[in-house]
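Pasted below: model24.cif, mmCIF, C-alpha atoms.
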```
data_final
loop_
_atom_site.label_atom_id
_atom_site.label_comp_id
_atom_site.auth_asym_id
_atom_site.auth_seq_id
_atom_site.Cartn_x
_atom_site.Cartn_y
_atom_site.Cartn_z
CA MET A 467 22.95 -105.51 -60.96
CA ARG A 468 20.20 -105.48 -63.60
CA THR A 469 18.05 -107.49 -61.23
CA ALA A 470 18.55 -104.92 -58.51
CA VAL A 471 17.68 -102.01 -60.82
CA ALA A 472 14.62 -103.84 -62.14
CA ALA A 473 13.42 -104.63 -58.64
CA LEU A 474 14.06 -101.01 -57.61
CA LEU A 475 11.95 -99.73 -60.51
CA ILE A 476 9.16 -102.15 -59.63
CA SER A 477 9.17 -100.91 -56.07
CA PHE A 478 8.59 -97.34 -57.26
CA ALA A 479 5.70 -98.28 -59.54
CA ALA A 480 2.23 -97.24 -58.41
CA ALA A 481 -1.22 -97.68 -59.81
CA ALA A 482 -2.16 -95.19 -62.51
CA TYR A 483 -5.26 -93.08 -61.90
CA ALA A 484 -6.17 -90.74 -64.73
CA HIS A 485 -7.85 -87.66 -63.25
CA SER A 486 -10.46 -89.67 -61.45
CA PRO A 487 -12.22 -88.37 -58.35
CA ILE A 488 -12.51 -92.00 -57.30
CA GLU A 489 -9.18 -93.76 -57.62
CA GLY A 490 -9.15 -96.34 -60.36
CA LEU A 491 -12.52 -95.39 -61.77
CA SER A 492 -13.54 -92.93 -64.40
CA GLY A 493 -16.44 -91.94 -66.60
CA PHE A 494 -19.62 -93.94 -66.20
CA TYR A 495 -18.57 -95.81 -63.05
CA THR A 496 -17.52 -92.62 -61.26
CA GLY A 497 -20.97 -91.22 -61.90
CA LEU A 498 -22.65 -94.49 -60.99
CA LEU A 499 -21.03 -94.56 -57.56
CA HIS A 500 -21.35 -90.84 -56.90
CA PRO A 501 -24.83 -90.96 -55.30
CA ILE A 502 -23.61 -93.70 -52.97
CA LEU A 503 -20.26 -92.20 -52.03
CA ALA A 504 -21.53 -88.63 -51.62
CA THR A 505 -23.08 -89.00 -48.18
CA ALA A 506 -25.38 -85.98 -48.51
CA HIS A 507 -26.81 -87.36 -51.77
CA LEU A 508 -27.25 -90.79 -50.26
CA ILE A 509 -29.12 -89.71 -47.16
CA ALA A 510 -31.29 -87.28 -49.15
CA ILE A 511 -32.26 -90.04 -51.60
CA LEU A 512 -32.82 -92.45 -48.72
CA SER A 513 -35.09 -90.04 -46.88
CA LEU A 514 -37.28 -89.34 -49.92
CA GLY A 515 -37.32 -93.01 -50.91
CA LEU A 516 -38.39 -94.04 -47.41
CA LEU A 517 -41.05 -91.33 -47.35
CA VAL A 518 -42.54 -92.27 -50.72
CA GLY A 519 -42.32 -96.01 -50.07
CA GLN A 520 -43.81 -95.58 -46.60
CA HIS A 521 -46.94 -93.93 -48.01
CA GLY A 522 -47.07 -96.12 -51.13
CA GLY A 523 -49.81 -96.03 -53.77
CA ALA A 524 -50.38 -92.62 -55.34
CA HIS A 525 -47.23 -91.25 -53.71
CA ILE A 526 -45.11 -93.72 -55.69
CA ARG A 527 -47.01 -93.12 -58.93
CA TRP A 528 -46.58 -89.36 -58.61
CA ALA A 529 -43.16 -89.05 -57.07
CA LEU A 530 -41.04 -91.53 -59.01
CA PRO A 531 -41.66 -90.18 -62.54
CA SER A 532 -41.23 -86.59 -61.36
CA TYR A 533 -38.00 -87.47 -59.53
CA LEU A 534 -36.53 -89.23 -62.56
CA THR A 535 -37.57 -86.42 -64.91
CA ALA A 536 -36.17 -83.71 -62.64
CA LEU A 537 -32.98 -85.73 -62.18
CA ALA A 538 -32.49 -85.95 -65.94
CA LEU A 539 -33.12 -82.22 -66.33
CA GLY A 540 -30.73 -81.39 -63.51
CA LEU A 541 -28.01 -83.59 -64.96
CA ALA A 542 -28.48 -82.01 -68.38
CA ALA A 543 -28.22 -78.55 -66.86
CA ALA A 544 -25.11 -79.59 -64.89
CA GLY A 545 -23.57 -80.88 -68.12
CA LEU A 546 -24.19 -77.50 -69.71
CA GLY A 547 -22.39 -75.80 -66.83
CA ALA A 548 -25.28 -74.72 -64.60
CA ALA A 549 -24.31 -73.97 -61.02
CA GLY A 550 -25.12 -76.51 -58.34
CA PRO A 551 -27.54 -75.84 -55.48
CA ALA A 552 -26.48 -74.54 -52.07
CA PRO A 553 -24.70 -77.41 -50.28
CA SER A 554 -27.01 -77.23 -47.29
CA LEU A 555 -30.07 -77.75 -49.51
CA LEU A 556 -29.55 -81.51 -49.71
CA LEU A 557 -29.08 -81.69 -45.95
CA MET A 558 -32.29 -79.74 -45.42
CA ALA A 559 -34.10 -82.14 -47.76
CA ALA A 560 -32.68 -85.10 -45.85
CA ALA A 561 -33.65 -83.60 -42.48
CA LEU A 562 -37.18 -82.78 -43.63
CA GLY A 563 -37.71 -86.14 -45.30
CA GLY A 564 -36.26 -88.02 -42.32
CA ALA A 565 -38.48 -86.14 -39.87
CA LEU A 566 -41.58 -86.85 -41.97
CA VAL A 567 -40.67 -90.54 -42.12
CA ALA A 568 -40.07 -90.68 -38.35
CA LEU A 569 -43.23 -88.80 -37.36
CA ARG A 570 -45.34 -90.28 -40.17
CA PRO A 571 -48.06 -87.66 -40.56
CA THR A 572 -50.70 -88.18 -43.25
CA LEU A 573 -49.41 -86.42 -46.34
CA PRO A 574 -51.01 -85.59 -49.69
CA PRO A 575 -49.30 -87.19 -52.73
CA ALA A 576 -48.74 -83.69 -54.13
CA LEU A 577 -46.19 -83.06 -51.37
CA SER A 578 -44.21 -86.15 -52.38
CA LEU A 579 -44.33 -84.92 -55.97
CA VAL A 580 -42.96 -81.49 -55.06
CA LEU A 581 -40.23 -82.95 -52.84
CA ALA A 582 -39.29 -85.43 -55.57
CA LEU A 583 -39.07 -82.67 -58.18
CA LEU A 584 -36.87 -80.50 -55.98
CA LEU A 585 -34.62 -83.33 -54.86
CA GLY A 586 -34.19 -84.78 -58.36
CA LEU A 587 -33.25 -81.36 -59.69
CA ALA A 588 -30.86 -80.64 -56.80
CA ILE A 589 -29.08 -84.00 -57.10
CA GLY A 590 -28.78 -83.63 -60.87
CA LEU A 591 -27.36 -80.12 -60.60
CA ASP A 592 -24.98 -81.19 -57.85
CA SER A 593 -23.57 -84.09 -59.89
CA ALA A 594 -21.45 -82.08 -62.32
CA PRO A 595 -18.48 -84.31 -63.21
CA GLU A 596 -14.89 -83.13 -63.06
CA SER A 597 -13.71 -85.16 -66.02
CA SER A 598 -11.52 -83.45 -68.55
CA THR A 599 -12.99 -84.78 -71.78
CA ALA A 600 -16.53 -84.27 -73.06
CA ARG A 601 -17.00 -88.00 -73.55
CA GLU A 602 -16.03 -88.77 -69.96
CA ARG A 603 -18.26 -85.99 -68.66
CA LEU A 604 -21.20 -87.39 -70.60
CA ALA A 605 -20.48 -90.90 -69.37
CA ALA A 606 -20.24 -89.65 -65.78
CA LEU A 607 -23.53 -87.76 -66.10
CA VAL A 608 -25.26 -90.86 -67.47
CA GLY A 609 -23.71 -92.91 -64.68
CA SER A 610 -24.95 -90.44 -62.05
CA GLY A 611 -28.45 -90.61 -63.51
CA VAL A 612 -28.45 -94.40 -63.49
CA GLY A 613 -27.00 -94.56 -59.96
CA ALA A 614 -29.29 -91.94 -58.40
CA GLY A 615 -32.28 -93.38 -60.25
CA PHE A 616 -31.70 -96.98 -59.25
CA VAL A 617 -30.91 -96.18 -55.61
CA MET A 618 -34.24 -94.34 -55.40
CA LEU A 619 -36.11 -97.17 -57.12
CA TYR A 620 -34.62 -99.77 -54.81
CA VAL A 621 -35.32 -97.79 -51.66
CA VAL A 622 -38.92 -97.01 -52.66
CA GLY A 623 -39.57 -100.57 -53.78
CA LEU A 624 -38.08 -102.15 -50.66
CA THR A 625 -39.86 -99.75 -48.31
CA ASP A 626 -43.20 -100.36 -50.03
CA TYR A 627 -42.57 -104.10 -49.71
CA LEU A 628 -42.06 -103.90 -45.94
CA ARG A 629 -45.54 -104.29 -44.45
CA GLN A 630 -44.99 -105.96 -41.08
CA PRO A 631 -45.46 -103.61 -38.09
CA TRP A 632 -41.87 -104.11 -36.90
CA GLN A 633 -40.61 -103.42 -40.42
CA ARG A 634 -42.65 -100.22 -40.57
CA LEU A 635 -41.14 -99.28 -37.22
CA GLY A 636 -37.66 -99.93 -38.62
CA VAL A 637 -38.41 -97.52 -41.47
CA ARG A 638 -39.44 -94.83 -38.99
CA ILE A 639 -36.27 -95.40 -36.97
CA LEU A 640 -34.18 -95.06 -40.13
CA GLY A 641 -35.96 -91.77 -40.86
CA SER A 642 -35.16 -90.60 -37.36
CA TRP A 643 -31.48 -91.46 -37.81
CA ILE A 644 -31.30 -89.62 -41.14
CA CYS A 645 -32.97 -86.54 -39.70
CA ALA A 646 -30.67 -86.51 -36.66
CA SER A 647 -27.52 -86.90 -38.79
CA ALA A 648 -28.53 -84.13 -41.17
CA VAL A 649 -29.62 -81.68 -38.46
CA MET A 650 -26.24 -81.77 -36.70
CA VAL A 651 -24.25 -81.15 -39.87
CA LEU A 652 -26.70 -78.39 -40.84
CA ALA A 653 -25.97 -76.81 -37.47
CA LEU A 654 -22.27 -77.03 -38.27
CA SER A 655 -22.59 -75.53 -41.74
CA LEU A 656 -24.99 -72.77 -40.64
CA ALA A 657 -23.28 -71.86 -37.36
CA PRO A 658 -21.39 -68.58 -37.45
CA GLU A 659 -17.67 -69.09 -37.75
CA LYS A 660 -15.60 -68.29 -34.72
CA PRO A 661 -12.10 -66.91 -34.82
CA ALA A 662 -9.53 -69.53 -33.91
CA ALA A 663 -8.13 -69.35 -30.40
CA PRO A 664 -4.77 -67.58 -30.28
CA SER A 665 -1.89 -69.95 -29.89
CA PRO A 666 0.34 -69.61 -26.81
CA GLY A 667 2.68 -66.69 -27.06
CA GLU A 668 0.78 -65.10 -29.92
CA ALA A 669 -0.78 -61.70 -29.40
CA ALA A 670 -4.55 -61.68 -29.76
CA PRO A 671 -4.83 -58.45 -31.82
CA ALA A 672 -2.39 -59.77 -34.41
CA ARG A 673 -4.50 -62.94 -34.64
CA GLN A 674 -7.63 -60.94 -35.33
CA THR A 675 -6.14 -59.41 -38.43
CA THR A 676 -5.32 -62.83 -39.85
CA PRO A 677 -8.01 -64.93 -41.53
CA ALA A 678 -8.93 -67.85 -39.28
CA LEU A 679 -7.73 -71.03 -40.86
CA GLY A 680 -7.91 -73.21 -37.79
CA LYS A 681 -9.95 -76.28 -37.17
CA GLU A 682 -13.21 -74.38 -36.82
CA SER A 683 -13.07 -72.91 -40.27
CA SER A 684 -11.59 -75.97 -41.90
CA SER A 685 -14.22 -78.21 -40.37
CA ARG A 686 -16.99 -75.94 -41.57
CA GLU A 687 -15.47 -76.00 -45.03
CA SER A 688 -15.39 -79.74 -44.69
CA ALA A 689 -19.05 -79.79 -43.68
CA ARG A 690 -19.96 -77.68 -46.65
CA ALA A 691 -17.79 -79.81 -48.90
CA SER A 692 -19.30 -83.01 -47.58
CA ALA A 693 -22.71 -81.63 -48.40
CA ALA A 694 -21.55 -80.52 -51.81
CA THR A 695 -19.75 -83.65 -52.97
CA MET B 195 30.53 -108.78 -55.77
CA ARG B 196 27.86 -111.32 -56.72
CA PRO B 197 26.73 -111.95 -53.10
CA VAL B 198 26.42 -108.20 -52.58
CA ILE B 199 24.23 -107.81 -55.67
CA GLY B 200 22.18 -110.79 -54.61
CA SER B 201 21.49 -109.43 -51.14
CA LEU B 202 20.79 -105.98 -52.58
CA SER B 203 18.26 -107.48 -55.00
CA PHE B 204 16.65 -109.40 -52.18
CA THR B 205 16.45 -106.26 -50.02
CA VAL B 206 14.89 -104.22 -52.80
CA LEU B 207 12.45 -107.03 -53.50
CA LEU B 208 11.36 -107.00 -49.86
CA LEU B 209 10.92 -103.25 -50.02
CA ALA B 210 8.79 -103.65 -53.13
CA LEU B 211 6.55 -106.12 -51.34
CA ALA B 212 6.11 -103.94 -48.28
CA GLY B 213 2.68 -102.39 -47.91
CA THR B 214 1.91 -98.86 -46.81
CA ALA B 215 1.63 -98.28 -43.08
CA TYR B 216 -1.37 -96.21 -41.96
CA ALA B 217 -0.75 -94.73 -38.54
CA HIS B 218 -4.15 -93.06 -38.50
CA GLU B 219 -6.18 -95.32 -40.67
CA GLY B 220 -9.31 -94.00 -42.23
CA ALA B 221 -9.79 -90.78 -44.04
CA GLY B 222 -12.62 -89.01 -45.78
CA VAL B 223 -15.98 -90.69 -45.50
CA THR B 224 -14.55 -93.84 -43.96
CA GLY B 225 -12.59 -92.00 -41.30
CA GLY B 226 -15.57 -89.83 -40.45
CA PHE B 227 -18.02 -92.72 -40.28
CA SER B 228 -15.76 -95.04 -38.34
CA SER B 229 -14.74 -92.39 -35.82
CA GLY B 230 -18.38 -91.40 -35.37
CA PHE B 231 -19.49 -95.01 -35.10
CA LEU B 232 -16.87 -95.78 -32.48
CA HIS B 233 -17.49 -92.66 -30.39
CA PRO B 234 -20.55 -93.97 -28.50
CA ILE B 235 -19.24 -97.53 -28.43
CA LEU B 236 -15.84 -96.74 -26.93
CA GLY B 237 -17.31 -94.70 -24.08
CA TRP B 238 -18.75 -97.01 -21.44
CA ASP B 239 -20.92 -94.26 -20.02
CA HIS B 240 -22.61 -93.89 -23.40
CA VAL B 241 -22.87 -97.64 -23.91
CA VAL B 242 -24.62 -98.47 -20.63
CA ALA B 243 -26.98 -95.49 -20.86
CA MET B 244 -28.03 -96.32 -24.43
CA VAL B 245 -28.54 -99.98 -23.58
CA ALA B 246 -30.60 -98.86 -20.58
CA VAL B 247 -32.82 -96.78 -22.89
CA GLY B 248 -33.52 -99.89 -24.95
CA LEU B 249 -34.06 -102.03 -21.86
CA TRP B 250 -36.49 -99.56 -20.37
CA GLY B 251 -38.33 -99.24 -23.67
CA ALA B 252 -38.77 -103.01 -23.83
CA PHE B 253 -39.78 -103.06 -20.17
CA LEU B 254 -42.43 -100.38 -20.68
CA GLY B 255 -43.79 -102.24 -23.71
CA ALA B 256 -45.78 -100.64 -26.54
CA PRO B 257 -45.83 -97.79 -27.42
CA ALA B 258 -42.62 -96.89 -25.52
CA ILE B 259 -40.65 -99.66 -27.21
CA TRP B 260 -41.00 -97.87 -30.52
CA ILE B 261 -41.41 -94.25 -29.37
CA LEU B 262 -38.06 -94.12 -27.55
CA PRO B 263 -35.82 -95.33 -30.42
CA VAL B 264 -37.58 -92.95 -32.84
CA VAL B 265 -37.64 -89.90 -30.58
CA PHE B 266 -34.26 -90.32 -28.90
CA PRO B 267 -32.13 -89.60 -32.03
CA LEU B 268 -34.25 -86.56 -32.86
CA VAL B 269 -33.80 -85.06 -29.38
CA MET B 270 -30.15 -86.11 -29.35
CA ALA B 271 -29.71 -84.16 -32.59
CA LEU B 272 -30.86 -81.02 -30.80
CA GLY B 273 -28.22 -81.57 -28.13
CA GLY B 274 -25.70 -82.30 -30.88
CA ALA B 275 -26.63 -79.09 -32.67
CA LEU B 276 -26.06 -77.15 -29.43
CA GLY B 277 -22.63 -78.78 -29.14
CA VAL B 278 -21.79 -78.05 -32.77
CA ALA B 279 -22.86 -74.43 -32.39
CA GLY B 280 -20.64 -74.15 -29.32
CA LEU B 281 -23.55 -73.38 -26.99
CA PRO B 282 -22.64 -74.72 -23.56
CA VAL B 283 -24.80 -77.24 -21.73
CA PRO B 284 -23.88 -77.32 -18.03
CA ALA B 285 -22.34 -80.46 -16.52
CA VAL B 286 -22.51 -82.62 -19.63
CA GLU B 287 -20.34 -85.45 -18.27
CA LEU B 288 -22.24 -85.38 -14.98
CA GLY B 289 -25.50 -85.61 -16.90
CA ILE B 290 -24.26 -88.61 -18.90
CA ALA B 291 -23.13 -90.47 -15.77
CA THR B 292 -26.41 -89.58 -14.04
CA SER B 293 -28.33 -90.91 -17.04
CA ALA B 294 -26.81 -94.35 -16.45
CA VAL B 295 -27.81 -94.23 -12.76
CA VAL B 296 -31.37 -93.00 -13.35
CA LEU B 297 -32.16 -95.18 -16.38
CA GLY B 298 -30.57 -98.21 -14.73
CA LEU B 299 -32.65 -97.63 -11.60
CA MET B 300 -35.82 -97.28 -13.67
CA VAL B 301 -35.18 -100.72 -15.13
CA ALA B 302 -34.06 -102.26 -11.82
CA LEU B 303 -37.13 -100.94 -9.98
CA ALA B 304 -39.43 -101.92 -12.87
CA ALA B 305 -40.72 -98.34 -12.94
CA ARG B 306 -43.65 -97.81 -15.28
CA PRO B 307 -44.40 -94.07 -15.27
CA PRO B 308 -46.74 -92.48 -17.87
CA ILE B 309 -45.17 -92.47 -21.33
CA TRP B 310 -44.73 -88.70 -21.35
CA VAL B 311 -42.74 -88.83 -18.10
CA ALA B 312 -40.49 -91.54 -19.54
CA ALA B 313 -40.08 -89.50 -22.73
CA VAL B 314 -39.13 -86.37 -20.77
CA ILE B 315 -36.56 -88.28 -18.67
CA VAL B 316 -34.99 -89.98 -21.69
CA GLY B 317 -35.19 -86.81 -23.79
CA THR B 318 -33.40 -84.76 -21.14
CA PHE B 319 -30.52 -87.22 -21.05
CA ALA B 320 -30.50 -87.38 -24.86
CA ILE B 321 -29.54 -83.70 -24.86
CA PHE B 322 -26.42 -84.45 -22.76
CA HIS B 323 -25.38 -87.42 -24.91
CA GLY B 324 -26.00 -85.50 -28.13
CA HIS B 325 -24.01 -82.52 -26.86
CA ALA B 326 -21.04 -84.73 -26.01
CA HIS B 327 -21.04 -86.24 -29.51
CA GLY B 328 -21.75 -82.92 -31.19
CA THR B 329 -18.76 -81.14 -29.71
CA GLU B 330 -16.53 -83.73 -31.41
CA LEU B 331 -18.26 -83.30 -34.77
CA PRO B 332 -16.40 -80.18 -35.99
CA GLU B 333 -13.11 -82.07 -35.59
CA ALA B 334 -14.25 -84.97 -37.79
CA VAL B 335 -12.68 -85.63 -41.17
CA SER B 336 -16.14 -85.83 -42.72
CA PRO B 337 -18.71 -84.29 -40.35
CA LEU B 338 -21.71 -85.82 -42.12
CA ALA B 339 -20.21 -89.31 -42.14
CA TYR B 340 -19.23 -88.85 -38.46
CA SER B 341 -22.77 -87.78 -37.67
CA VAL B 342 -24.29 -90.76 -39.50
CA GLY B 343 -21.80 -93.07 -37.73
CA PHE B 344 -22.60 -92.02 -34.20
CA VAL B 345 -26.35 -91.88 -34.76
CA VAL B 346 -26.30 -95.41 -36.21
CA ALA B 347 -24.11 -96.69 -33.36
CA THR B 348 -26.41 -95.11 -30.79
CA GLY B 349 -29.42 -96.69 -32.46
CA LEU B 350 -27.76 -100.09 -32.54
CA LEU B 351 -27.00 -99.81 -28.81
CA HIS B 352 -30.71 -99.11 -28.24
CA LEU B 353 -31.45 -102.20 -30.30
CA CYS B 354 -29.11 -104.28 -28.11
CA GLY B 355 -31.04 -103.09 -25.06
CA ILE B 356 -34.43 -103.75 -26.69
CA VAL B 357 -33.48 -107.27 -27.76
CA PHE B 358 -32.11 -108.05 -24.30
CA GLY B 359 -35.17 -106.41 -22.78
CA LEU B 360 -37.52 -108.74 -24.68
CA LEU B 361 -36.62 -111.31 -22.04
CA VAL B 362 -39.20 -109.60 -19.79
CA ARG B 363 -41.82 -111.87 -21.36
CA TRP B 364 -40.63 -114.65 -19.07
CA PRO B 365 -40.51 -114.39 -15.23
CA THR B 366 -36.84 -115.39 -15.06
CA GLY B 367 -36.01 -113.08 -17.94
CA ARG B 368 -37.73 -110.25 -16.11
CA MET B 369 -35.42 -110.78 -13.15
CA VAL B 370 -32.41 -110.92 -15.44
CA VAL B 371 -33.41 -107.65 -17.11
CA ARG B 372 -33.96 -105.95 -13.76
CA ALA B 373 -30.57 -107.23 -12.61
CA GLY B 374 -29.09 -105.76 -15.80
CA GLY B 375 -30.66 -102.43 -14.91
CA GLY B 376 -29.11 -102.66 -11.44
CA ALA B 377 -25.70 -103.36 -12.96
CA ILE B 378 -26.09 -100.31 -15.23
CA ALA B 379 -27.04 -98.12 -12.26
CA LEU B 380 -23.98 -99.38 -10.36
CA ALA B 381 -21.79 -98.62 -13.37
CA GLY B 382 -23.27 -95.12 -13.40
CA VAL B 383 -22.38 -94.70 -9.73
CA THR B 384 -18.78 -95.62 -10.50
CA PHE B 385 -18.74 -93.05 -13.32
CA LEU B 386 -20.04 -90.45 -10.88
CA ALA B 387 -17.48 -91.51 -8.26
CA GLY B 388 -14.74 -91.14 -10.86
CA MET B 389 -15.67 -87.51 -11.32
CA VAL B 390 -15.59 -86.59 -7.68
#
```

What would the structure in this file look like if it were written as structure tokens?
Amino acid sequence: MRTAVAALLISFAAAAYAHSPIEGLSGFYTGLLHPILATAHLIAILSLGLLVGQHGGAHIRWALPSYLTALALGLAAAGLGAAGPAPSLLLMAAALGGALVALRPTLPPALSLVLALLLGLAIGLDSAPESSTARERLAALVGSGVGAGFVMLYVVGLTDYLRQPWQRLGVRILGSWICASAVMVLALSLAPEKPAAPSPGEAAPARQTTPALGKESSSRESARASAAT
Amino acid sequence: MRPVIGSLSFTVLLLALAGTAYAHEGAGVTGGFSSGFLHPILGWDHVVAMVAVGLWGAFLGAPAIWILPVVFPLVMALGGALGVAGLPVPAVELGIATSAVVLGLMVALAARPPIWVAAVIVGTFAIFHGHAHGTELPEAVSPLAYSVGFVVATGLLHLCGIVFGLLVRWPTGRMVVRAGGGAIALAGVTFLAGMV
């Protein structure tokens, strides 16, 4: 009988996750993975990294230090409780950066600097951790800084390294993909919400007095959330 | 009593070893990306048209071979945005099936129009394809991941067509590519016939 009870208890046991937004991880590692798992952050970093690496030279020298500085400032502000940017801001940055990479106009390095400053600040502010203790919050902020910083460094470095014509073309295609992905979700998050269609047998006027909680609204919330997380 | 306890223990042990069943696997970013990635791939009308874009690009040579894969996603995004915003585009499915016929014929006939004509033809069909994907986007678990998934899948289908289209460098390969275009046009005709 003891065997049966023991086996029963084992069957009910589950992995313990202590208030972690990513199951099984907390603190530093949660922050480290945040720029990779938050799709809006990832494509925004990718677009700027591709843009800066594509132009190389002065663009890299100007943009990287300003990005890292702005990222640190944004993370510090987020740690002190500053509000994050509008969720669609990162998508706009990704769309703009992707379009510039795809079309490849000649750009002054000052533009890369400004974009890097804005993006670093936005990503830092949008990386406020949800940890309960101050120590975990600090660790998550440091992790976010390391993650967002290294992803940018890798993307810029790799893009600058790619010099063959077909590799340069691949970079432009990636920019086009990023722009296209961001534009469609921007359209979703900026489109005016429609009232949900009345279900069969339900009177339309009664439906109008009820807040729409159907798929339209939930998907838009999801779009905004996906941009925010 | 002992055999009963033994079998009970064994049963509970089996239950403990059983894994979780996922009827609708994939949620969050994964579910959004995978559903978006599969959307163009699981629709044959999308597959043949996107491969035809790549084939035609390779057939036309530079600069079309690189202009089409860069421009197509951007124009497709406009169609997708129309779909997301709920703005209707007339006869979307007809346009997608027609795209397979027209693009397949362009490859089969070895048509080499000016690059702007090719861009207009491909761009027009990109609107239809983008609209079809875009209307599904609001239903996605993670719209951004869905969007990334279907754009990447579309681009990879172009790449399949471009790589296959590189055979045009050889006389036999040129015939094979043109035959591929003919097969795509025929597939498009069957899609059109299925709608009638």

Close residues, segment 642-645 of chain A itself excluded, 10 Å, only C-alpha atoms, min 6 positions apart in chain, as a PyMOL selection string: (chain A and resi 509-510+512-513+557-569+636) or (chain B and resi 263-269+271+341-346+348-349)

Give as a ChimeraX atom specification the residues that the PyMOL selection byres ((chain B and resi 361) around 12) matches when applied to the coordinates above. /B:249-250,252-253,255,354-360,362-374

Selected by the PyMOL selection byres ((chain B and resi 243) around 10) in the shown coordinates: which residues, as a PyMOL selection string? chain B and resi 238-242+244-249+290-298+316+319-320+323+348+351-352+355+375+378-379+381-382

Could you list, as a ChimeraX atom specification, every residue within 7 Å of segment 591-594 of chain A, counting all atoms listed in the file and ignoring same-chain residues fewer than 3 positions away? /A:540-541,543-545,549-551,587-588,610,694

Assuming the chain letters and numbering stay as they are in my file, what does the PyMOL selection byres ((chain B and resi 326-328) around 10) actually select? List them as an MDAnalysis selection string. (chainID A and resid 650:651 653:654) or (chainID B and resid 230 233:234 240 270:280 283 286:287 290 320:325 329:333 337 340:341 344:345)

If we count only C-alpha atoms and set the cut-off at 12 Å, which residues sit around Tyr620 of chain A, ignoring sequence neighbours fewer than 2 positions away in its own chain? Please answer as number ranges by chain. A: 511-512, 514-516, 518-519, 530, 612-618, 622-627

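Take atom CA of Ala304 of chain B and atom CA of Gly251 of chain B: the distance between them is 11.2 Å.
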
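One distance worth recording is that between atom CA of Ala536 of chain A and atom CA of Leu583 of chain A, which is 5.4 Å.
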
Here is a test: counting only C-alpha atoms, which residue of B:Leu338, B:Ala313, B:Ser228, B:Ala258 is nearest to chain A? B:Leu338

Would you compute the distance between atom CA of Gly376 of chain B and atom CA of Leu262 of chain B? Give it in Å to one decimal.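 For atom CA of Gly376 of chain B relative to atom CA of Leu262 of chain B, the distance reads 20.3 Å.
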
Write only N, CA and C atoms for segment 299-310 of chain B from the block just shown, as a PDB file, in the first residue's frame.
```pdb
ATOM      1  N   LEU B 299       3.064  30.444 -66.669  1.00  0.00           N
ATOM      2  CA  LEU B 299       3.156  30.671 -68.119  1.00  0.00           C
ATOM      3  C   LEU B 299       4.366  31.544 -68.471  1.00  0.00           C
ATOM      4  N   MET B 300       4.632  32.529 -67.637  1.00  0.00           N
ATOM      5  CA  MET B 300       5.788  33.402 -67.893  1.00  0.00           C
ATOM      6  C   MET B 300       7.079  32.576 -67.936  1.00  0.00           C
ATOM      7  N   VAL B 301       7.168  31.626 -67.007  1.00  0.00           N
ATOM      8  CA  VAL B 301       8.366  30.777 -66.969  1.00  0.00           C
ATOM      9  C   VAL B 301       8.350  29.825 -68.164  1.00  0.00           C
ATOM     10  N   ALA B 302       7.186  29.211 -68.423  1.00  0.00           N
ATOM     11  CA  ALA B 302       7.096  28.213 -69.497  1.00  0.00           C
ATOM     12  C   ALA B 302       7.392  28.836 -70.855  1.00  0.00           C
ATOM     13  N   LEU B 303       6.935  30.081 -71.055  1.00  0.00           N
ATOM     14  CA  LEU B 303       7.133  30.745 -72.346  1.00  0.00           C
ATOM     15  C   LEU B 303       8.461  31.503 -72.403  1.00  0.00           C
ATOM     16  N   ALA B 304       9.223  31.417 -71.307  1.00  0.00           N
ATOM     17  CA  ALA B 304      10.517  32.123 -71.232  1.00  0.00           C
ATOM     18  C   ALA B 304      10.346  33.609 -71.493  1.00  0.00           C
ATOM     19  N   ALA B 305       9.269  34.179 -70.932  1.00  0.00           N
ATOM     20  CA  ALA B 305       8.973  35.599 -71.162  1.00  0.00           C
ATOM     21  C   ALA B 305      10.011  36.462 -70.454  1.00  0.00           C
ATOM     22  N   ARG B 306      10.499  37.453 -71.137  1.00  0.00           N
ATOM     23  CA  ARG B 306      11.476  38.377 -70.552  1.00  0.00           C
ATOM     24  C   ARG B 306      11.008  39.816 -70.766  1.00  0.00           C
ATOM     25  N   PRO B 307       9.939  40.229 -70.095  1.00  0.00           N
ATOM     26  CA  PRO B 307       9.484  41.617 -70.239  1.00  0.00           C
ATOM     27  C   PRO B 307      10.449  42.560 -69.521  1.00  0.00           C
ATOM     28  N   PRO B 308      10.270  43.894 -69.707  1.00  0.00           N
ATOM     29  CA  PRO B 308      11.078  44.845 -68.918  1.00  0.00           C
ATOM     30  C   PRO B 308      10.867  44.592 -67.423  1.00  0.00           C
ATOM     31  N   ILE B 309      11.878  44.931 -66.642  1.00  0.00           N
ATOM     32  CA  ILE B 309      11.846  44.597 -65.210  1.00  0.00           C
ATOM     33  C   ILE B 309      10.657  45.239 -64.502  1.00  0.00           C
ATOM     34  N   TRP B 310      10.266  46.457 -64.957  1.00  0.00           N
ATOM     35  CA  TRP B 310       9.149  47.109 -64.269  1.00  0.00           C
ATOM     36  C   TRP B 310       7.832  46.372 -64.543  1.00  0.00           C
TER      37      TRP B 310
END
```
